[in-house]
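> Data file input_16.cif (mmCIF, C-alpha atoms and all ligand atoms) is appended below.
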data_upload
loop_
_atom_site.label_atom_id
_atom_site.label_comp_id
_atom_site.auth_asym_id
_atom_site.auth_seq_id
_atom_site.Cartn_x
_atom_site.Cartn_y
_atom_site.Cartn_z
CA MET L 6 2.97 -6.43 33.53
CA ARG L 7 5.94 -6.04 35.87
CA LEU L 8 5.98 -2.75 37.76
CA ASP L 9 9.43 -1.76 36.44
CA LYS L 10 8.32 -2.44 32.85
CA PHE L 11 5.14 -0.43 33.42
CA LEU L 12 7.15 2.58 34.66
CA ALA L 13 9.76 2.31 31.91
CA THR L 14 7.01 2.07 29.26
CA MET L 15 5.47 5.20 30.70
CA LYS L 16 8.89 6.86 30.40
CA TYR L 17 9.61 7.33 34.10
CA GLY L 18 13.19 6.30 33.39
CA SER L 19 15.25 3.43 32.06
CA ARG L 20 14.53 -0.03 33.42
CA LYS L 21 17.53 0.44 35.77
CA GLU L 22 16.41 3.87 36.95
CA VAL L 23 12.84 2.85 37.66
CA LYS L 24 14.06 -0.13 39.73
CA GLN L 25 15.84 2.41 41.96
CA PHE L 26 12.72 4.57 42.26
CA ILE L 27 10.70 1.50 43.25
CA LYS L 28 13.30 0.51 45.88
CA LYS L 29 13.24 4.04 47.32
CA GLY L 30 9.46 3.83 47.80
CA CYS L 31 8.46 6.41 45.18
CA VAL L 32 5.78 4.15 43.75
CA THR L 33 2.42 3.06 45.11
CA VAL L 34 -0.08 0.62 43.66
CA ASN L 35 -3.65 1.11 44.87
CA GLY L 36 -2.34 3.28 47.69
CA GLU L 37 0.30 0.84 48.96
CA ILE L 38 4.05 1.43 48.62
CA ILE L 39 5.55 -1.36 46.50
CA ARG L 40 9.29 -1.96 46.70
CA SER L 41 9.52 -4.98 44.44
CA ASP L 42 10.25 -4.30 40.77
CA ARG L 43 8.76 -7.69 39.92
CA TYR L 44 5.37 -6.77 41.34
CA GLN L 45 2.69 -7.51 38.73
CA VAL L 46 0.35 -4.63 37.92
CA ASN L 47 -2.86 -4.82 35.99
CA GLU L 48 -2.36 -1.72 33.90
CA MET L 49 -6.07 -1.47 33.11
CA GLU L 50 -7.34 -1.71 36.68
CA ASP L 51 -4.66 -0.84 39.21
CA GLN L 52 -3.95 2.74 40.18
CA VAL L 53 -0.22 3.35 40.04
CA GLN L 54 1.17 6.58 41.50
CA PHE L 55 4.64 8.04 41.22
CA GLU L 56 5.51 10.40 44.06
CA GLY L 57 1.80 10.90 44.64
CA ARG L 58 0.85 11.54 41.00
CA VAL L 59 -1.44 9.08 39.24
CA ILE L 60 0.07 7.51 36.12
CA HIS L 61 -2.48 7.14 33.35
CA TYR L 62 -1.56 4.11 31.32
CA GLN L 63 -1.18 4.94 27.66
CA THR L 64 0.25 2.92 24.81
CA GLU L 65 -0.71 5.03 21.81
CA TYR L 66 0.56 8.57 21.41
CA TYR L 67 -0.72 11.21 19.01
CA TYR L 68 0.80 14.62 18.38
CA ILE L 69 -0.11 17.42 16.02
CA LEU L 70 2.93 19.31 14.73
CA HIS L 71 3.06 22.58 12.83
CA LYS L 72 5.90 21.55 10.56
CA PRO L 73 8.22 24.36 9.52
CA ALA L 74 10.02 24.43 6.18
CA GLY L 75 13.56 23.04 6.28
CA VAL L 76 12.90 19.85 8.23
CA ILE L 77 12.41 16.38 6.81
CA SER L 78 9.26 14.29 7.42
CA ALA L 79 11.16 11.19 8.47
CA THR L 80 12.38 9.55 11.64
CA VAL L 81 16.07 9.75 10.69
CA ASP L 82 18.14 11.61 8.13
CA ASN L 83 21.88 11.75 7.64
CA TYR L 84 22.02 15.43 6.73
CA ASP L 85 18.94 17.34 7.76
CA GLU L 86 16.95 17.95 10.90
CA THR L 87 13.88 15.70 11.02
CA VAL L 88 10.47 16.32 12.52
CA MET L 89 11.46 13.97 15.36
CA ASP L 90 14.21 16.42 16.34
CA LEU L 91 11.48 18.95 17.14
CA LEU L 92 10.18 16.80 20.00
CA ALA L 93 11.31 17.56 23.54
CA ASP L 94 13.24 14.74 25.24
CA GLU L 95 10.30 13.88 27.47
CA ASP L 96 8.00 13.39 24.47
CA PHE L 97 10.42 11.53 22.24
CA ARG L 98 9.75 7.82 21.79
CA GLU L 99 11.56 5.49 19.42
CA ASP L 100 8.29 4.16 18.02
CA LEU L 101 6.84 7.54 16.96
CA PHE L 102 6.75 8.40 13.27
CA PRO L 103 5.15 11.01 11.02
CA VAL L 104 1.93 10.02 9.24
CA GLY L 105 2.82 10.62 5.60
CA ARG L 106 5.25 13.11 4.23
CA LEU L 107 5.39 16.80 3.57
CA ASP L 108 8.21 18.05 1.36
CA LYS L 109 11.16 19.67 3.07
CA ASP L 110 9.97 23.11 1.96
CA THR L 111 6.30 22.48 2.85
CA GLU L 112 4.81 23.71 6.12
CA GLY L 113 1.77 22.67 8.03
CA LEU L 114 -0.15 19.92 9.70
CA LEU L 115 1.70 16.72 10.43
CA VAL L 116 0.50 14.00 12.78
CA LEU L 117 3.10 12.03 14.71
CA THR L 118 2.01 8.78 16.29
CA ASN L 119 3.02 5.25 17.16
CA ASP L 120 -0.43 3.96 16.10
CA GLY L 121 0.46 2.04 12.96
CA GLN L 122 -3.10 0.99 12.32
CA LEU L 123 -4.46 4.54 12.26
CA ALA L 124 -1.55 5.71 10.10
CA HIS L 125 -2.22 2.90 7.66
CA GLN L 126 -5.89 3.88 7.40
CA LEU L 127 -5.10 7.56 6.95
CA LEU L 128 -2.61 6.83 4.18
CA SER L 129 -4.43 4.01 2.43
CA PRO L 130 -5.10 4.91 -1.21
CA LYS L 131 -8.44 3.14 -0.87
CA LYS L 132 -9.67 5.45 1.89
CA HIS L 133 -9.34 8.73 -0.02
CA VAL L 134 -8.76 10.74 3.15
CA GLU L 135 -9.03 14.45 2.31
CA LYS L 136 -5.98 16.65 2.58
CA GLU L 137 -6.38 20.41 2.29
CA TYR L 138 -3.58 22.76 1.31
CA ILE L 139 -3.15 26.44 0.81
CA ALA L 140 -0.54 27.62 -1.65
CA THR L 141 0.95 30.63 -3.30
CA VAL L 142 1.32 30.14 -7.03
CA SER L 143 3.48 32.06 -9.43
CA GLY L 144 1.10 32.70 -12.33
CA ILE L 145 -2.62 33.41 -12.58
CA MET L 146 -4.89 30.46 -11.87
CA THR L 147 -8.13 30.51 -13.84
CA GLN L 148 -11.64 29.08 -14.04
CA ARG L 149 -10.29 26.68 -16.66
CA ASP L 150 -7.75 25.37 -14.08
CA ILE L 151 -10.59 24.87 -11.57
CA GLU L 152 -12.45 22.79 -14.16
CA GLN L 153 -9.40 20.76 -15.09
CA PHE L 154 -8.61 20.01 -11.44
CA ALA L 155 -12.27 19.04 -10.89
CA THR L 156 -12.27 16.60 -13.79
CA GLY L 157 -9.01 14.91 -12.80
CA LEU L 158 -5.67 16.09 -14.11
CA THR L 159 -3.10 13.95 -15.83
CA ILE L 160 0.34 14.83 -14.50
CA ASP L 161 3.73 13.98 -15.97
CA LYS L 162 2.13 12.60 -19.13
CA ASN L 163 0.52 9.46 -17.72
CA GLU L 164 -0.28 9.80 -14.03
CA GLN L 165 -4.00 10.23 -13.52
CA CYS L 166 -5.16 12.28 -10.51
CA LEU L 167 -8.52 11.97 -8.81
CA PRO L 168 -10.81 15.00 -9.08
CA ALA L 169 -9.60 17.77 -6.77
CA LYS L 170 -11.31 20.91 -5.51
CA LEU L 171 -9.36 24.02 -6.41
CA THR L 172 -10.48 27.37 -4.97
CA ILE L 173 -8.94 30.65 -6.02
CA LEU L 174 -8.63 32.72 -2.86
CA ALA L 175 -6.96 35.84 -4.28
CA VAL L 176 -5.28 36.99 -7.47
CA ASP L 177 -2.53 39.58 -7.54
CA GLU L 178 -2.57 40.77 -11.16
CA GLU L 179 0.37 43.10 -10.69
CA HIS L 180 2.76 40.43 -9.39
CA GLU L 181 1.07 37.62 -11.32
CA THR L 182 0.55 35.42 -8.30
CA THR L 183 -2.47 33.52 -7.01
CA GLN L 184 -3.44 32.29 -3.55
CA ILE L 185 -5.24 28.98 -3.77
CA ALA L 186 -6.80 26.30 -1.58
CA LEU L 187 -6.76 22.74 -2.82
CA ILE L 188 -8.49 19.63 -1.49
CA LEU L 189 -6.99 16.29 -2.54
CA HIS L 190 -8.24 12.77 -1.87
CA GLU L 191 -4.92 11.04 -2.43
CA GLY L 192 -1.24 11.62 -1.74
CA LYS L 193 0.99 11.27 -4.75
CA TYR L 194 4.62 12.36 -4.58
CA HIS L 195 4.88 16.19 -4.81
CA GLN L 196 1.26 16.12 -5.86
CA VAL L 197 0.24 19.75 -5.37
CA LYS L 198 3.39 21.05 -7.04
CA ARG L 199 3.01 18.65 -9.95
CA MET L 200 -0.69 19.45 -10.46
CA VAL L 201 0.00 23.16 -10.52
CA ALA L 202 2.94 22.58 -12.89
CA ALA L 203 0.62 20.56 -15.16
CA VAL L 204 -1.40 23.74 -15.78
CA GLY L 205 1.74 25.76 -16.45
CA LYS L 206 2.29 27.50 -13.09
CA LYS L 207 4.58 27.07 -10.10
CA VAL L 208 3.96 26.60 -6.38
CA THR L 209 6.19 28.96 -4.41
CA TYR L 210 4.73 28.33 -0.94
CA LEU L 211 2.77 25.35 0.34
CA LYS L 212 1.06 24.58 3.62
CA ARG L 213 -1.18 21.68 4.65
CA ILE L 214 -4.04 22.87 6.82
CA ARG L 215 -6.22 19.77 7.18
CA MET L 216 -6.02 15.99 7.15
CA GLY L 217 -9.35 14.17 7.24
CA GLN L 218 -11.38 16.18 9.73
CA LEU L 219 -8.36 17.34 11.72
CA ARG L 220 -7.42 20.98 11.17
CA LEU L 221 -4.09 22.64 11.87
CA ASP L 222 -4.24 24.40 15.23
CA ASN L 223 -3.55 28.06 14.50
CA SER L 224 -2.27 28.62 18.02
CA LEU L 225 0.72 26.39 17.26
CA ALA L 226 3.65 28.42 15.94
CA LEU L 227 5.89 26.87 13.29
CA GLY L 228 7.85 24.05 14.89
CA GLU L 229 5.47 23.74 17.85
CA TYR L 230 3.45 20.64 18.63
CA ARG L 231 1.06 19.29 21.22
CA MET L 232 -0.77 16.09 22.07
CA LEU L 233 -4.01 15.55 20.23
CA THR L 234 -7.10 15.69 22.44
CA ALA L 235 -9.36 12.64 22.72
CA ASP L 236 -11.92 14.44 20.52
CA GLU L 237 -9.30 15.13 17.85
CA ILE L 238 -8.18 11.49 17.88
CA ARG L 239 -11.80 10.49 17.36
CA LEU L 240 -12.05 12.95 14.45
CA LEU L 241 -8.95 11.43 12.85
CA GLN L 242 -10.36 7.95 13.28
CA GLN L 243 -13.51 8.84 11.37
CA ILE L 244 -12.39 7.24 8.16
CA THR L 245 -15.01 5.61 5.99
N1 LIG V 1 2.08 18.14 -2.40
C1 LIG V 1 3.33 18.58 -2.61
O1 LIG V 1 3.68 18.92 -3.72
N2 LIG V 1 4.15 18.68 -1.56
C2 LIG V 1 3.80 18.34 -0.30
O2 LIG V 1 4.60 18.46 0.63
C3 LIG V 1 2.49 17.88 -0.09
C4 LIG V 1 1.66 17.78 -1.16
#
Could I get this file's structure written as structure tokens?


Amino acid sequence: MRLDKFLATMKYGSRKEVKQFIKKGCVTVNGEIIRSDRYQVNEMEDQVQFEGRVIHYQTEYYYILHKPAGVISATVDNYDETVMDLLADEDFREDLFPVGRLDKDTEGLLVLTNDGQLAHQLLSPKKHVEKEYIATVSGIMTQRDIEQFATGLTIDKNEQCLPAKLTILAVDEEHETTQIALILHEGKYHQVKRMVAAVGKKVTYLKRIRMGQLRLDNSLALGEYRMLTADEIRLLQQIT
């Protein structure tokens, strides 16, 4: 790959800017200053440094975002802020996208990546990747609801859901609300809200806390994000 393309891909500037940096002598390859933007680097073997700092070649990017309510899980939207708007300029890349969707009013774990293959696997209806949610429900959830969710609910008259694990975390009898956890193996449109509605109650707060084996990082405040670690990427890739 040409040295200027390598640097631009690694977001050291536009193609024009990185050509200037190369000319100025900011860039070394295997310890030698290279002033030609056409110089061919082997991105897997050569050590490229920018102002003395080693550039680790990376083509796939993975972020975990604690999505706040009020932003859209999309790359662009004409009216609302999107999850991409939460990225700092230095992390933004045109090819990043959110893996799946959370409703505008849903919070929680969202993975952003440019790895289309992993996203496809995570979202494939055949893979049944687990998604875990916690929710506040208006109404009292019961043992009967747990059983119905476990057998496989039918929502909106004819849409059949896979068995789901509903856990009642707390019941507030006075205010008639219930805290629940729910594990799904699929991702139908508004699924949690529609399942809860199918048993006559209403979700008033919803948060995703796990996708596959990847858990939401509690140290991330709403709207914050960070790169996934290599171990977390491996966890995400464990799809059977
Ligand atoms: N189920 C919903 O109803 N909404 C979400 O955002 C995710 C799952």

> For Thr209 (chain L), work out the shell of residues within 10 Å, counting only C-alpha atoms and skipping chain neighbours fewer than 4 positions away, then give it as a list of chain:residue names.

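My list of contacting residues is L:Asp110, L:Thr111, L:Ala140, L:Thr141, L:Val142, L:Ser143, L:Thr182, L:Lys198.
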
> Write as a list in words the residues around ligand LIG 1 (chain V), taking 9 Å as the cut-off and counting only C-alpha atoms and all ligand atoms.

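So, counting only C-alpha atoms and all ligand atoms, the residues near ligand LIG 1 (chain V) are Arg106, Leu107, Asp108, Lys109, Asp110, Thr111, Glu112, Gly113, Lys136, Tyr138, Leu189, Gly192, Lys193, Tyr194, His195, Gln196, Val197, Lys198, Arg199, Met200, Val201, Val208, Leu211, Lys212 and Arg213 of chain L.
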
> Identify, on the basis of all atoms listed in the file, every residue whose closest approach to Ile185 (chain L) does not exceed 6 Å; exclude the query and any residue fewer than 4 positions from it along the same chain; express the result as a PyMOL selection string.

chain L and resi 139-140+172-174

> For the atom pair CA of Met216 (chain L) and CA of Tyr66 (chain L), what is the interatomic distance in Å to one decimal place?

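Rounded to one decimal, the two atoms are 17.4 Å apart.
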
> Within 10 Å of (6.2, -8.0, 33.7) in the file's own coordinates, which protein, DNA or RNA residues have an atom, counting all atoms listed in the file? List them as a PyMOL selection string.

chain L and resi 6-11+42-47

> May I have the residues from that selection written out with C-alpha atoms, as a tab-separated table (two decimals), in the frame of the given file?


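Result file is result.tsv:
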chain	number	residue	atom	x	y	z
L	6	MET	CA	2.97	-6.43	33.53
L	7	ARG	CA	5.94	-6.04	35.87
L	8	LEU	CA	5.98	-2.75	37.76
L	9	ASP	CA	9.43	-1.76	36.44
L	10	LYS	CA	8.32	-2.44	32.85
L	11	PHE	CA	5.14	-0.43	33.42
L	42	ASP	CA	10.25	-4.30	40.77
L	43	ARG	CA	8.76	-7.69	39.92
L	44	TYR	CA	5.37	-6.77	41.34
L	45	GLN	CA	2.69	-7.51	38.73
L	46	VAL	CA	0.35	-4.63	37.92
L	47	ASN	CA	-2.86	-4.82	35.99

> So, counting only C-alpha atoms, which residue among L:Gln153, L:Gln63, L:Cys31, L:His190 is closest to Thr14 (chain L)?

L:Gln63

> Using all atoms listed in the file, which residue out of L:Lys207, L:Lys28, L:His71, L:Arg20 lies closest to Leu115 (chain L)?

L:His71

> Any idea what the distance is between CA of Asn35 (chain L) and CA of Glu50 (chain L)?

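Separating CA of Asn35 (chain L) from CA of Glu50 (chain L) is a distance of 9.4 Å.
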
> Which residues, written as JSON, numbers by chain, have at least one atom at most 6 Å from Leu221 (chain L), with only C-alpha atoms counted and residues fewer than 6 positions away on the same chain left out?

{"L": [114, 214, 215]}

> Near region 78-92 of chain L, within 12 Å and counting only C-alpha atoms, which residues show up once chain neighbours fewer than 4 positions away are dropped, as a PDB file with C-alpha atoms, keeping the file's coordinate frame?


ATOM      1  CA  TYR L  68       0.800  14.620  18.380  1.00  0.00           C
ATOM      2  CA  ILE L  69      -0.110  17.420  16.020  1.00  0.00           C
ATOM      3  CA  LEU L  70       2.930  19.310  14.730  1.00  0.00           C
ATOM      4  CA  HIS L  71       3.060  22.580  12.830  1.00  0.00           C
ATOM      5  CA  LYS L  72       5.900  21.550  10.560  1.00  0.00           C
ATOM      6  CA  PRO L  73       8.220  24.360   9.520  1.00  0.00           C
ATOM      7  CA  ALA L  74      10.020  24.430   6.180  1.00  0.00           C
ATOM      8  CA  ASP L  96       8.000  13.390  24.470  1.00  0.00           C
ATOM      9  CA  PHE L  97      10.420  11.530  22.240  1.00  0.00           C
ATOM     10  CA  ARG L  98       9.750   7.820  21.790  1.00  0.00           C
ATOM     11  CA  GLU L  99      11.560   5.490  19.420  1.00  0.00           C
ATOM     12  CA  ASP L 100       8.290   4.160  18.020  1.00  0.00           C
ATOM     13  CA  LEU L 101       6.840   7.540  16.960  1.00  0.00           C
ATOM     14  CA  PHE L 102       6.750   8.400  13.270  1.00  0.00           C
ATOM     15  CA  PRO L 103       5.150  11.010  11.020  1.00  0.00           C
ATOM     16  CA  VAL L 104       1.930  10.020   9.240  1.00  0.00           C
ATOM     17  CA  GLY L 105       2.820  10.620   5.600  1.00  0.00           C
ATOM     18  CA  ARG L 106       5.250  13.110   4.230  1.00  0.00           C
ATOM     19  CA  LEU L 107       5.390  16.800   3.570  1.00  0.00           C
ATOM     20  CA  ASP L 108       8.210  18.050   1.360  1.00  0.00           C
ATOM     21  CA  LYS L 109      11.160  19.670   3.070  1.00  0.00           C
ATOM     22  CA  ASP L 110       9.970  23.110   1.960  1.00  0.00           C
ATOM     23  CA  THR L 111       6.300  22.480   2.850  1.00  0.00           C
ATOM     24  CA  GLU L 112       4.810  23.710   6.120  1.00  0.00           C
ATOM     25  CA  GLY L 113       1.770  22.670   8.030  1.00  0.00           C
ATOM     26  CA  LEU L 114      -0.150  19.920   9.700  1.00  0.00           C
ATOM     27  CA  LEU L 115       1.700  16.720  10.430  1.00  0.00           C
ATOM     28  CA  VAL L 116       0.500  14.000  12.780  1.00  0.00           C
ATOM     29  CA  LEU L 117       3.100  12.030  14.710  1.00  0.00           C
ATOM     30  CA  THR L 118       2.010   8.780  16.290  1.00  0.00           C
ATOM     31  CA  ASN L 119       3.020   5.250  17.160  1.00  0.00           C
ATOM     32  CA  LEU L 227       5.890  26.870  13.290  1.00  0.00           C
ATOM     33  CA  GLY L 228       7.850  24.050  14.890  1.00  0.00           C
ATOM     34  CA  GLU L 229       5.470  23.740  17.850  1.00  0.00           C
ATOM     35  CA  TYR L 230       3.450  20.640  18.630  1.00  0.00           C
ATOM     36  CA  ARG L 231       1.060  19.290  21.220  1.00  0.00           C
ATOM     37  CA  MET L 232      -0.770  16.090  22.070  1.00  0.00           C
TER      38      MET L 232
END

> Report the distance between CA of Glu37 (chain L) and CA of Gln25 (chain L) in Å, rounded to one decimal place.

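We find that CA of Glu37 (chain L) and CA of Gln25 (chain L) lie 17.1 Å from each other.
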
> Within 6 Å of (-0.9, 29.6, -15.8) (coordinates as in the file), grab all the protein and nucleic acid residues, counting only C-alpha atoms, and write them out as a ChimeraX atom specification.

/L:144-146,204-206

> Can you pull out every residue within 8 Å of Leu219 (chain L), counting all atoms listed in the file, but drop anything in the same chain fewer than 6 positions away, and send it as a ChimeraX atom specification?

/L:237,240-241

> Rank nothing, just name the residue among L:Val176, L:Ile27, L:Leu158, L:Ile244 nearest to Ser41 (chain L), using only C-alpha atoms.

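Of all the options, L:Ile27 lies closest to Ser41 (chain L).
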
> Which residue gives the smallest distance to Gly18 (chain L) among L:Ala202, L:Ser224, L:Asp94, L:Phe154, with all atoms listed in the file counted?

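Counting all atoms listed in the file, the residue closest to Gly18 (chain L) is L:Asp94.
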
> Find the residue from L:Gly36, L:Thr64, L:Thr234, L:Leu127 that sits nearest to Met49 (chain L); use all atoms listed in the file when measuring.

L:Thr64
